[in-house]
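This is run_24.txt. It holds compact mmCIF, C-alpha atoms.
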```
# COMPACT_ATOMS: atom_id res chain seq x y z
CA MET A 477 322.74 170.08 113.22
CA SER A 478 323.04 172.03 110.04
CA LEU A 479 321.86 175.58 110.30
CA ILE A 480 320.04 177.04 107.32
CA ASN A 481 320.00 180.78 107.86
CA TYR A 482 317.45 182.17 105.41
CA ALA A 483 318.07 185.70 106.66
CA SER A 484 321.77 185.83 105.83
CA ARG A 485 321.39 183.13 103.12
CA GLU A 486 323.96 180.83 104.73
CA ILE A 487 324.20 177.11 105.37
CA ASN A 488 326.72 175.97 107.96
CA CYS A 489 327.62 172.35 108.66
CA LYS A 490 329.83 171.08 111.47
CA LEU A 491 332.32 168.27 110.83
CA VAL A 492 334.29 166.78 113.71
CA TYR A 493 337.55 164.83 113.41
CA TYR A 494 337.67 162.35 116.28
CA GLY A 495 340.15 159.69 117.35
CA PRO A 496 342.94 158.72 119.74
CA GLY A 497 345.75 161.08 120.75
CA LEU A 498 348.56 161.65 118.22
CA GLY A 499 346.53 159.91 115.52
CA GLY A 500 346.74 162.80 113.04
CA LYS A 501 343.51 164.78 113.45
CA THR A 502 345.27 168.14 113.65
CA THR A 503 347.58 167.11 110.80
CA ASN A 504 344.50 166.51 108.61
CA LEU A 505 343.27 170.03 109.28
CA GLU A 506 346.71 171.55 108.79
CA TYR A 507 347.03 169.88 105.41
CA ILE A 508 343.57 171.07 104.36
CA TYR A 509 344.44 174.58 105.53
CA GLU A 510 347.69 174.52 103.55
CA LYS A 511 346.19 173.21 100.33
CA VAL A 512 342.70 174.63 100.03
CA ALA A 513 342.30 177.73 97.83
CA PRO A 514 342.98 180.89 99.90
CA ALA A 515 339.58 182.38 99.08
CA ALA A 516 337.84 179.30 100.46
CA LYS A 517 339.42 179.12 103.87
CA GLY A 518 338.98 181.17 107.01
CA LYS A 519 341.28 181.57 109.94
CA MET A 520 342.50 178.34 111.52
CA ILE A 521 342.36 178.37 115.29
CA SER A 522 344.24 175.91 117.45
CA LEU A 523 343.73 175.81 121.18
CA ALA A 524 346.81 173.78 121.96
CA THR A 525 349.29 173.29 124.78
CA GLU A 526 352.85 174.61 124.58
CA THR A 527 353.92 171.23 123.22
CA GLU A 528 351.36 171.57 120.43
CA ARG A 529 349.01 168.90 121.74
CA THR A 530 345.39 169.87 121.19
CA LEU A 531 343.99 171.18 124.45
CA PHE A 532 340.44 172.05 123.45
CA PHE A 533 340.03 171.97 119.67
CA ASP A 534 341.31 173.08 116.27
CA PHE A 535 338.87 174.92 114.09
CA LEU A 536 338.93 175.63 110.37
CA PRO A 537 336.05 177.09 108.37
CA VAL A 538 335.98 176.16 104.68
CA ASP A 539 333.69 177.97 102.22
CA LEU A 540 332.19 176.10 99.31
CA GLY A 541 331.06 179.39 97.84
CA THR A 542 327.52 180.47 97.05
CA ILE A 543 325.32 177.62 95.88
CA ARG A 544 321.78 178.35 94.67
CA GLY A 545 321.89 181.63 96.57
CA PHE A 546 323.22 180.17 99.82
CA LYS A 547 326.73 180.76 101.08
CA THR A 548 327.70 177.23 102.11
CA ARG A 549 330.36 176.60 104.69
CA PHE A 550 331.83 173.64 106.53
CA HIS A 551 333.15 174.14 110.05
CA LEU A 552 335.92 171.60 110.64
CA TYR A 553 336.78 170.77 114.24
CA THR A 554 339.20 168.35 115.87
CA VAL A 555 338.88 167.14 119.44
CA PRO A 556 341.73 166.55 121.89
CA GLY A 557 342.51 162.83 121.67
CA GLN A 558 344.07 162.30 125.06
CA VAL A 559 341.82 160.22 127.30
CA TYR A 560 341.58 162.75 130.14
CA TYR A 561 340.14 165.51 127.95
CA ASN A 562 336.76 163.85 127.62
CA ALA A 563 334.78 166.83 128.89
CA SER A 564 336.20 168.92 126.01
CA ARG A 565 335.48 166.21 123.45
CA LYS A 566 331.88 166.02 124.52
CA LEU A 567 331.46 169.78 124.15
CA ILE A 568 332.82 169.82 120.62
CA LEU A 569 330.36 167.14 119.50
CA LYS A 570 327.42 169.38 120.29
CA GLY A 571 325.48 170.04 117.10
CA VAL A 572 327.74 167.84 114.94
CA ASP A 573 326.61 167.04 111.38
CA GLY A 574 329.28 164.54 110.39
CA VAL A 575 332.17 162.67 112.03
CA VAL A 576 335.52 161.47 110.69
CA PHE A 577 337.22 158.95 112.93
CA VAL A 578 341.00 159.22 112.42
CA ALA A 579 342.48 155.90 113.50
CA ASP A 580 346.19 155.40 114.07
CA SER A 581 347.10 152.36 111.96
CA GLN A 582 350.05 151.35 114.13
CA ILE A 583 349.36 147.92 115.60
CA GLU A 584 350.38 149.15 119.07
CA ARG A 585 347.58 151.72 118.94
CA MET A 586 344.77 149.27 118.27
CA GLU A 587 343.51 149.35 121.82
CA ALA A 588 343.61 153.16 121.93
CA ASN A 589 341.63 153.24 118.67
CA VAL A 590 338.96 150.88 119.97
CA GLU A 591 338.68 152.82 123.21
CA SER A 592 338.33 156.10 121.35
CA MET A 593 335.67 154.66 119.01
CA GLN A 594 333.64 153.48 122.00
CA ASN A 595 334.11 156.89 123.59
CA LEU A 596 332.80 158.57 120.42
CA TYR A 597 329.73 156.36 120.44
CA ASP A 598 329.06 157.05 124.13
CA ASN A 599 329.58 160.80 123.87
CA LEU A 600 327.27 161.06 120.87
CA LEU A 601 324.65 159.06 122.73
CA GLN A 602 324.74 161.61 125.51
CA HIS A 603 323.86 164.30 122.97
CA GLY A 604 321.03 162.10 121.69
CA TYR A 605 322.79 161.10 118.46
CA ASP A 606 323.26 157.59 117.14
CA LEU A 607 326.61 157.13 115.37
CA THR A 608 325.02 154.66 112.95
CA ARG A 609 322.53 157.31 111.82
CA ILE A 610 324.73 160.33 111.19
CA PRO A 611 327.22 160.88 108.36
CA PHE A 612 330.33 159.01 109.42
CA ALA A 613 333.63 158.03 107.78
CA VAL A 614 336.72 156.24 109.06
CA GLN A 615 340.25 157.20 108.09
CA TYR A 616 343.13 154.78 108.66
CA ASN A 617 346.06 157.12 109.01
CA LYS A 618 349.82 156.49 109.03
CA ARG A 619 349.60 153.81 106.35
CA ASP A 620 353.25 154.49 105.50
CA LEU A 621 354.59 153.17 108.78
CA PRO A 622 356.18 149.69 108.85
CA ASN A 623 354.15 148.71 111.92
CA ALA A 624 350.80 149.60 110.35
CA ALA A 625 348.19 146.89 110.95
CA PRO A 626 346.54 145.30 107.88
CA ILE A 627 343.34 147.04 106.76
CA ASP A 628 341.26 143.89 107.33
CA GLU A 629 342.32 143.81 110.94
CA LEU A 630 341.53 147.49 111.44
CA GLN A 631 338.14 147.06 109.78
CA GLU A 632 337.34 144.08 111.96
CA ASN A 633 338.14 145.99 115.13
CA LEU A 634 336.93 149.47 114.31
CA ASN A 635 334.38 149.23 111.52
CA PRO A 636 332.82 145.75 111.75
CA GLY A 637 329.42 147.08 110.71
CA TRP A 638 326.08 147.46 112.41
CA PRO A 639 322.85 145.59 111.64
CA VAL A 640 320.45 147.18 109.16
CA GLU A 641 316.99 146.66 110.69
CA ASP A 642 314.98 148.67 108.15
CA SER A 643 313.90 146.20 105.45
CA ALA A 644 313.70 149.00 102.88
CA ARG A 645 317.44 149.53 103.30
CA GLN A 646 318.34 145.85 103.10
CA LYS A 647 319.90 145.93 99.67
CA ALA A 648 323.51 145.84 98.61
CA VAL A 649 325.21 149.23 98.32
CA ALA A 650 328.56 149.18 96.54
CA ASP A 651 331.45 151.13 98.01
CA PRO A 652 332.05 153.85 95.38
CA ASP A 653 335.74 154.02 96.30
CA ARG A 654 336.43 150.28 96.25
CA PRO A 655 335.24 148.12 93.38
CA GLY A 656 333.93 144.75 94.60
CA GLN A 657 333.36 145.94 98.15
CA TYR A 658 330.07 146.95 99.75
CA LEU A 659 328.97 149.46 102.37
CA VAL A 660 325.70 147.58 102.90
CA GLU A 661 325.69 143.81 102.39
CA GLU A 662 324.28 140.56 103.70
CA VAL A 663 326.74 138.57 105.80
CA ASP A 664 325.69 135.14 107.09
CA GLY A 665 322.02 136.01 106.75
CA THR A 666 322.29 139.42 108.48
CA TRP A 667 322.30 142.76 106.68
CA ILE A 668 325.06 145.00 107.90
CA GLU A 669 326.29 148.48 107.05
CA ARG A 670 329.81 149.81 107.45
CA ALA A 671 331.09 153.36 107.37
CA PRO A 672 333.14 154.24 104.28
CA TYR A 673 336.85 154.08 105.05
CA PHE A 674 339.95 155.72 103.62
CA GLU A 675 343.64 154.99 103.88
CA ALA A 676 345.77 158.02 104.58
CA VAL A 677 349.16 159.48 105.31
CA ALA A 678 348.11 162.85 106.70
CA THR A 679 351.68 164.20 106.86
CA THR A 680 351.96 163.98 103.06
CA GLY A 681 348.26 164.60 102.45
CA ASP A 682 347.49 161.19 100.98
CA GLY A 683 343.83 160.39 101.56
CA VAL A 684 343.12 163.64 103.41
CA PHE A 685 340.94 165.20 100.72
CA ASP A 686 339.36 161.83 99.82
CA THR A 687 338.09 161.64 103.38
CA LEU A 688 336.93 165.24 103.48
CA ARG A 689 335.16 164.92 100.13
CA ALA A 690 333.30 161.81 101.28
CA ILE A 691 332.12 163.17 104.62
CA SER A 692 331.11 166.53 103.09
CA LYS A 693 328.94 164.79 100.52
CA LEU A 694 327.33 162.56 103.13
CA VAL A 695 326.44 165.65 105.18
CA LEU A 696 325.01 167.51 102.19
CA LYS A 697 322.80 164.57 101.34
CA THR A 698 321.04 164.97 104.69
CA LEU A 699 319.97 168.47 103.60
CA GLY A 700 318.44 167.44 100.30
CA MET B 94 317.53 158.76 119.37
CA SER B 95 318.25 160.31 116.07
CA GLY B 96 320.77 161.62 113.66
CA ALA B 97 321.64 165.31 113.58
CA ALA B 98 318.67 167.51 112.73
CA SER B 99 318.72 170.73 110.73
CA TRP B 100 317.08 173.89 111.85
CA SER B 101 316.35 177.09 110.05
CA PHE B 102 316.43 180.77 110.71
CA GLY B 103 314.13 182.93 108.62
CA GLU B 104 314.00 186.58 107.62
CA ASP B 105 311.11 187.24 110.00
CA ASP B 106 313.14 185.79 112.84
CA ALA B 107 316.09 187.97 111.85
CA SER B 108 314.00 191.17 111.79
CA ARG B 109 312.51 190.50 115.19
CA ILE B 110 315.94 189.82 116.67
CA GLN B 111 317.39 192.91 115.02
CA LEU B 112 314.79 195.13 116.65
CA VAL B 113 315.64 193.77 120.08
CA LEU B 114 319.39 194.10 119.53
CA ASP B 115 319.13 197.64 118.14
CA GLN B 116 317.20 198.73 121.20
CA LEU B 117 319.77 197.08 123.46
CA LEU B 118 322.66 198.86 121.72
CA ARG B 119 320.95 202.24 122.05
CA GLU B 120 320.02 201.81 125.68
CA ALA B 121 323.32 200.28 126.79
CA ASP B 122 325.45 202.56 124.60
CA ALA B 123 327.35 199.47 123.48
CA ARG B 124 329.17 198.98 120.16
CA THR B 125 328.15 195.62 118.79
CA ALA B 126 325.66 192.92 119.73
CA LEU B 127 326.00 189.39 118.38
CA ILE B 128 323.98 186.22 118.67
CA VAL B 129 325.91 182.96 118.51
CA ASP B 130 324.38 179.52 118.78
CA ARG B 131 325.68 176.91 121.19
CA THR B 132 327.32 174.92 118.41
CA GLY B 133 329.48 177.89 117.43
CA GLN B 134 327.61 179.46 114.53
CA MET B 135 327.00 183.17 114.15
CA LEU B 136 323.30 184.00 113.80
CA ALA B 137 323.13 187.78 113.90
CA THR B 138 325.32 190.86 114.23
CA ARG B 139 324.09 194.42 114.88
CA GLY B 140 325.80 197.72 115.54
CA GLU B 141 329.33 198.53 114.48
CA GLU B 142 330.76 196.05 111.99
CA PRO B 143 333.19 193.78 113.88
CA THR B 144 336.84 194.16 112.91
CA PHE B 145 337.54 190.53 113.80
CA ASP B 146 336.76 187.31 111.94
CA PRO B 147 333.13 186.60 112.95
CA VAL B 148 333.27 182.89 112.12
CA ALA B 149 336.23 182.26 114.41
CA PHE B 150 334.74 184.55 117.02
CA ALA B 151 331.50 182.54 117.10
CA SER B 152 333.32 179.25 117.46
CA LEU B 153 335.42 180.52 120.36
CA THR B 154 332.43 182.13 122.07
CA ALA B 155 330.49 178.87 122.09
CA ALA B 156 333.54 177.00 123.39
CA ASP B 157 334.10 179.63 126.07
CA PHE B 158 330.51 179.40 127.25
CA SER B 159 330.43 175.62 127.18
CA ALA B 160 333.66 175.32 129.15
CA ASN B 161 332.31 177.71 131.75
CA ASP B 162 329.07 175.72 131.95
CA GLN B 163 331.09 172.71 132.96
CA LEU B 164 332.98 174.73 135.56
CA ALA B 165 329.66 175.90 136.98
CA ARG B 166 328.46 172.32 137.32
CA MET B 167 331.61 171.41 139.21
CA LEU B 168 330.65 174.08 141.73
CA GLY B 169 327.15 172.67 141.99
CA GLU B 170 325.63 175.49 139.91
CA THR B 171 323.40 174.67 136.95
CA GLU B 172 325.19 177.25 134.84
CA PHE B 173 326.86 180.64 134.83
CA GLY B 174 324.11 182.68 133.20
CA ALA B 175 326.55 185.39 132.14
CA LEU B 176 330.28 185.92 131.63
CA PHE B 177 332.33 189.09 131.57
CA HIS B 178 335.72 189.55 129.93
CA GLN B 179 337.41 192.84 130.68
CA GLY B 180 339.98 194.38 128.39
CA ASP B 181 341.89 197.67 128.55
CA ARG B 182 339.73 199.24 125.88
CA GLU B 183 337.16 196.70 124.81
CA SER B 184 335.14 194.35 126.97
CA LEU B 185 332.71 191.53 126.35
CA TYR B 186 329.57 190.62 128.20
CA LEU B 187 328.04 187.24 127.32
CA ALA B 188 324.63 186.05 128.44
CA ASP B 189 322.81 182.79 128.01
CA VAL B 190 319.50 182.94 126.16
CA ALA B 191 317.12 180.04 126.88
CA ARG B 192 320.03 177.55 126.93
CA ARG B 193 319.94 177.81 123.15
CA VAL B 194 322.05 180.74 122.08
CA ILE B 195 324.46 183.29 123.52
CA LEU B 196 324.05 187.04 123.41
CA VAL B 197 327.42 188.78 123.17
CA VAL B 198 327.75 192.50 123.77
CA LEU B 199 330.96 194.28 122.82
CA PHE B 200 331.45 197.60 124.57
CA ASP B 201 334.12 200.16 125.44
CA ASN B 202 334.59 202.91 128.01
CA ARG B 203 331.73 205.00 126.61
CA THR B 204 329.49 202.92 128.86
CA THR B 205 329.73 200.90 132.07
CA LEU B 206 329.47 197.22 132.90
CA GLY B 207 326.57 198.00 135.24
CA LEU B 208 324.51 199.59 132.50
CA VAL B 209 325.28 196.80 130.01
CA LYS B 210 324.28 194.15 132.56
CA LEU B 211 321.07 195.95 133.38
CA ARG B 212 320.01 196.34 129.74
CA VAL B 213 321.03 192.80 128.83
CA ARG B 214 318.88 191.43 131.62
CA GLY B 215 315.97 193.28 130.08
CA VAL B 216 316.37 191.82 126.60
CA VAL B 217 317.28 188.23 127.54
CA GLU B 218 313.65 187.52 128.32
CA SER B 219 312.32 188.73 124.96
CA LEU B 220 315.10 186.90 123.10
CA SER B 221 314.37 183.73 125.10
CA GLU B 222 310.77 183.78 123.94
CA LEU B 223 311.83 184.30 120.31
CA PHE B 224 314.37 181.49 120.32
CA THR B 225 312.21 179.04 122.25
CA GLU B 226 309.53 179.52 119.59
CA MET B 227 312.09 179.09 116.78
CA PHE B 228 313.50 175.87 118.17
CA GLU B 229 310.05 174.43 118.78
CA ARG B 230 309.62 174.60 115.03
CA ARG B 231 312.05 171.70 114.85
CA ASP B 232 309.07 169.45 115.54
CA ARG B 233 307.86 170.44 112.09
CA PRO B 234 309.38 168.83 109.00
CA ALA B 235 313.10 169.55 108.75
CA PRO B 236 314.00 172.46 106.48
CA ARG B 237 315.15 171.39 103.06
CA VAL B 238 317.25 173.07 100.46
CA GLU B 239 315.84 173.52 96.98
CA ALA B 240 316.11 170.74 94.43
CA GLY B 241 319.45 170.84 92.67
CA PHE B 242 321.32 172.28 95.63
CA VAL B 243 322.93 168.98 96.64
CA GLY B 244 324.10 168.23 93.10
CA ASP B 245 325.61 171.70 92.70
CA ALA B 246 327.24 171.50 96.11
CA GLU B 247 328.76 168.13 95.25
CA ASP B 248 330.28 169.64 92.11
CA GLU B 249 331.82 172.41 94.21
CA ILE B 250 333.20 169.82 96.65
CA ASP B 251 334.84 167.94 93.78
CA LYS B 252 336.38 171.17 92.51
CA LEU B 253 337.59 172.39 95.89
CA PHE B 254 338.62 169.08 97.47
CA GLY B 255 339.44 167.19 94.27
```
Can you turn what I pasted into structure tokens?
Amino acid sequence: MSLINYASREINCKLVYYGPGLGGKTTNLEYIYEKVAPAAKGKMISLATETERTLFFDFLPVDLGTIRGFKTRFHLYTVPGQVYYNASRKLILKGVDGVVFVADSQIERMEANVESMQNLYDNLLQHGYDLTRIPFAVQYNKRDLPNAAPIDELQENLNPGWPVEDSARQKAVADPDRPGQYLVEEVDGTWIERAPYFEAVATTGDGVFDTLRAISKLVLKTLG
Amino acid sequence: MSGAASWSFGEDDASRIQLVLDQLLREADARTALIVDRTGQMLATRGEEPTFDPVAFASLTAADFSANDQLARMLGETEFGALFHQGDRESLYLADVARRVILVVLFDNRTTLGLVKLRVRGVVESLSELFTEMFERRDRPAPRVEAGFVGDAEDEIDKLFG
């Protein structure tokens, strides 16, 4: 939940990067940390094991600067992807404002992706949040690898869409990043909505800022 | 079931909390008192200006408390209401406030753990009342930023993340 602190004139929003182990969540944050203007970034904290696997979380605060009198900041978190760290993942989701699901595009990781997506949905539910109602984006990482699954296949498995029940919202919404594609559309008589998705190669930074820009804007819209 | 809600923290809230924290610092002879919310955001700081990065500190404090909550449950406890971290020179005493926020007291050898604990116990109740009232306001319409904020923020995002 975004905190608007009128006393210190600050707005803080929490973004969580979720997904299966070794999918590139930490690499996303490291790239952002490396490239964002020095004045805009705070200290990056990684609670990792000796082998650099995330143990609890990575944390990176990014300042947007002062907007209409409010110092506006995004708190970026990753969760540990490995299955047995679920208790930690659940804790990090507390008070989340927006989620990026970092999927590993490698075909062999499809099952791990699906499992992690289900786990995200379940953990959010336990906090009383519905994944289909909070700002949410999907990133298909490792697009450069030869064994990367086709996007259509990833979309079908991880972002097939959810029904739009509210009749007021049953109108086509174009995907701003993909001409000819829609985020909300009617398929076989049923209105469905999908999360925006991005292709990425986090090690080189491709798609990293596209994803961050999209999720940040979705979160800000909930404040307006 | 819902999406994430916003909540707000006003100047009146800040002044009331400051009074309580100032009194705590005087009576406990502690250096700094901080209030951190359970999601890892810093809400208030009183006393000596911290020499550390407060944003990172808040995030780690919330994580520390949450992890210890889970440990407590494994032991069949509902929670550990307070935590103590002892250093050579500086120590931290953390106390839960109404399951909403965490009161953190930073102190050194000018005072004792016993005195800090005693004074913290005294203020947790008044802080609990304040925060319970603040969070109940969430039933009211969600706080909104002024018109134009979102557009300006989007421009900044394009500049910074472009």
Each residue of chain B with at least one atom at most 10 Å from chain A should appear once, together with its nearest atom pair and the corresponding distance in Å (one decimal); atoms considered: all atoms listed in the file; ordering: chain, then increasing residue number; output as a Markdown table.
```
| residue | atom | partner | partner_atom | distance |
| --- | --- | --- | --- | --- |
| B:Met94 | CA | A:Gly604 | CA | 5.4 |
| B:Ser95 | CA | A:Tyr605 | CA | 5.2 |
| B:Gly96 | CA | A:Ile610 | CA | 4.8 |
| B:Ala97 | CA | A:Met477 | CA | 4.9 |
| B:Ala98 | CA | A:Met477 | CA | 4.8 |
| B:Ser99 | CA | A:Ser478 | CA | 4.6 |
| B:Trp100 | CA | A:Leu479 | CA | 5.3 |
| B:Ser101 | CA | A:Ile480 | CA | 4.6 |
| B:Phe102 | CA | A:Asn481 | CA | 4.6 |
| B:Gly103 | CA | A:Tyr482 | CA | 4.7 |
| B:Glu104 | CA | A:Ala483 | CA | 4.3 |
| B:Asp105 | CA | A:Ala483 | CA | 7.9 |
| B:Asp106 | CA | A:Ala483 | CA | 7.9 |
| B:Ala107 | CA | A:Ala483 | CA | 6.0 |
| B:Ser108 | CA | A:Ala483 | CA | 8.5 |
| B:Asp130 | CA | A:Leu479 | CA | 9.7 |
| B:Arg131 | CA | A:Lys570 | CA | 7.8 |
| B:Thr132 | CA | A:Gly571 | CA | 5.4 |
| B:Gly133 | CA | A:Gly571 | CA | 8.8 |
| B:Gln134 | CA | A:Asn488 | CA | 7.5 |
| B:Met135 | CA | A:Asn488 | CA | 9.5 |
| B:Leu136 | CA | A:Asn481 | CA | 7.5 |
| B:Ala137 | CA | A:Ser484 | CA | 8.4 |
| B:Asp146 | CA | A:Lys519 | CA | 7.6 |
| B:Pro147 | CA | A:Gly518 | CA | 9.9 |
| B:Val148 | CA | A:Pro537 | CA | 7.4 |
| B:Ala149 | CA | A:Lys519 | CA | 6.8 |
| B:Phe150 | CA | A:Ile521 | CA | 10.0 |
| B:Ser152 | CA | A:Phe535 | CA | 7.8 |
| B:Leu153 | CA | A:Ile521 | CA | 8.9 |
| B:Ala155 | CA | A:Leu567 | CA | 9.4 |
| B:Ala156 | CA | A:Leu567 | CA | 7.6 |
| B:Ser159 | CA | A:Leu567 | CA | 6.7 |
| B:Ala160 | CA | A:Ser564 | CA | 7.6 |
| B:Gln163 | CA | A:Ala563 | CA | 8.0 |
| B:Ala235 | CA | A:Leu699 | CA | 8.7 |
| B:Pro236 | CA | A:Ile480 | CA | 7.6 |
| B:Arg237 | CA | A:Leu699 | CA | 5.7 |
| B:Val238 | CA | A:Gly700 | CA | 5.8 |
| B:Glu239 | CA | A:Gly700 | CA | 7.4 |
| B:Ala240 | CA | A:Gly700 | CA | 7.1 |
| B:Gly241 | CA | A:Arg544 | CA | 8.1 |
| B:Phe242 | CA | A:Arg544 | CA | 6.2 |
| B:Val243 | CA | A:Gly700 | CA | 6.0 |
| B:Gly244 | CA | A:Lys697 | CA | 9.1 |
| B:Asp245 | CA | A:Ile543 | CA | 6.7 |
| B:Ala246 | CA | A:Ile543 | CA | 6.4 |
| B:Glu247 | CA | A:Lys693 | CA | 6.2 |
| B:Asp248 | CA | A:Lys693 | CA | 9.8 |
| B:Glu249 | CA | A:Leu540 | CA | 6.3 |
| B:Ile250 | CA | A:Arg689 | CA | 6.3 |
| B:Asp251 | CA | A:Arg689 | CA | 7.0 |
| B:Lys252 | CA | A:Leu540 | CA | 9.4 |
| B:Leu253 | CA | A:Val512 | CA | 6.9 |
| B:Phe254 | CA | A:Phe685 | CA | 5.6 |
| B:Gly255 | CA | A:Phe685 | CA | 6.9 |
```
| task | Tell me, as a PyMOL selection string, which residues lie within 9 Å of Val198 (chain B), counting all atoms listed in the file; anything in the same chain fewer than 4 positions away does not count. | result | chain B and resi 118+123-128+184-188+209+213
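Nearest to Gly180 (chain B) of all the residues B:Leu199, B:Leu208, B:Met227, B:Leu220 is B:Leu199, based on all atoms listed in the file.
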Determine, counting all atoms listed in the file, which protein, DNA and RNA residues have an atom within 8 Å of an atom of region 664-678 of chain A; residues of the same chain fewer than 6 positions away are not included. Present the result as a PDB file with C-alpha atoms, in the frame of the given file.
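Ended up saving to result07.pdb:
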```pdb
ATOM      1  CA  GLY A 500     346.740 162.800 113.040  1.00  0.00           C
ATOM      2  CA  THR A 503     347.580 167.110 110.800  1.00  0.00           C
ATOM      3  CA  ASN A 504     344.500 166.510 108.610  1.00  0.00           C
ATOM      4  CA  TYR A 507     347.030 169.880 105.410  1.00  0.00           C
ATOM      5  CA  PHE A 612     330.330 159.010 109.420  1.00  0.00           C
ATOM      6  CA  ALA A 613     333.630 158.030 107.780  1.00  0.00           C
ATOM      7  CA  VAL A 614     336.720 156.240 109.060  1.00  0.00           C
ATOM      8  CA  GLN A 615     340.250 157.200 108.090  1.00  0.00           C
ATOM      9  CA  TYR A 616     343.130 154.780 108.660  1.00  0.00           C
ATOM     10  CA  ASN A 617     346.060 157.120 109.010  1.00  0.00           C
ATOM     11  CA  LYS A 618     349.820 156.490 109.030  1.00  0.00           C
ATOM     12  CA  ARG A 619     349.600 153.810 106.350  1.00  0.00           C
ATOM     13  CA  ASP A 620     353.250 154.490 105.500  1.00  0.00           C
ATOM     14  CA  ASN A 635     334.380 149.230 111.520  1.00  0.00           C
ATOM     15  CA  PRO A 636     332.820 145.750 111.750  1.00  0.00           C
ATOM     16  CA  GLY A 637     329.420 147.080 110.710  1.00  0.00           C
ATOM     17  CA  TRP A 638     326.080 147.460 112.410  1.00  0.00           C
ATOM     18  CA  PRO A 639     322.850 145.590 111.640  1.00  0.00           C
ATOM     19  CA  VAL A 640     320.450 147.180 109.160  1.00  0.00           C
ATOM     20  CA  GLU A 641     316.990 146.660 110.690  1.00  0.00           C
ATOM     21  CA  GLN A 646     318.340 145.850 103.100  1.00  0.00           C
ATOM     22  CA  ASP A 651     331.450 151.130  98.010  1.00  0.00           C
ATOM     23  CA  VAL A 684     343.120 163.640 103.410  1.00  0.00           C
ATOM     24  CA  ASP A 686     339.360 161.830  99.820  1.00  0.00           C
ATOM     25  CA  THR A 687     338.090 161.640 103.380  1.00  0.00           C
TER      26      THR A 687
END
```
| message | Just to confirm, what's the straight-line distance from CA of Ala648 (chain A) to CA of Val575 (chain A) in Å (one decimal)? | response |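 Going from CA of Ala648 (chain A) over to CA of Val575 (chain A), I get 23.2 Å.
When CA of Asn595 (chain A) is paired with CA of Asn562 (chain A), their separation reads 8.5 Å.
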| query | Near Asn589 (chain A), counting all atoms listed in the file, which residues have an atom at most 7 Å away, once you skip same-chain residues fewer than 6 positions from it, shown as an NGL selection string? | reply | :A and (495-496 or 579-580)
| task | Could you give me, as a list in words, the residues within 8 Å of region 222-225 of chain B, counting all atoms listed in the file and dropping anything in the same chain fewer than 6 positions from it? | result |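 Counting only the stated atoms, we get Asp106, Ile110, Val190, Ala191, Arg193 and Val194 of chain B.
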May I have the selected residues written with C-alpha atoms, as a PDB file, in the frame of the given file?
```
ATOM      1  CA  ASP B 106     313.140 185.790 112.840  1.00  0.00           C
ATOM      2  CA  ILE B 110     315.940 189.820 116.670  1.00  0.00           C
ATOM      3  CA  VAL B 190     319.500 182.940 126.160  1.00  0.00           C
ATOM      4  CA  ALA B 191     317.120 180.040 126.880  1.00  0.00           C
ATOM      5  CA  ARG B 193     319.940 177.810 123.150  1.00  0.00           C
ATOM      6  CA  VAL B 194     322.050 180.740 122.080  1.00  0.00           C
TER       7      VAL B 194
END
```
| query | Any idea what's packed within 7 Å of Asp201 (chain B), counting all atoms listed in the file, ignoring anything in its chain fewer than 2 positions away? Could you give it as a ChimeraX atom specification? | reply | /B:182-184,203-204
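Our summary of the geometry notes that CA of Glu229 (chain B) is positioned 22.8 Å from CA of Gly215 (chain B).
Nearest residue to Val576 (chain A) among A:Pro652, A:Gly683, A:Tyr509, A:Lys501 is A:Lys501, counting all atoms listed in the file.
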Taking all listed atoms of region 173-190 of chain B, build the axis-aligned box, pad each of the six sides by 6 Å, then write its centre and edge lengths in Å to one decimal as lines of an AutoDock Vina configuration file.
```
center_x = 330.7
center_y = 189.9
center_z = 129.8
size_x = 34.4
size_y = 30.6
size_z = 22.0
```
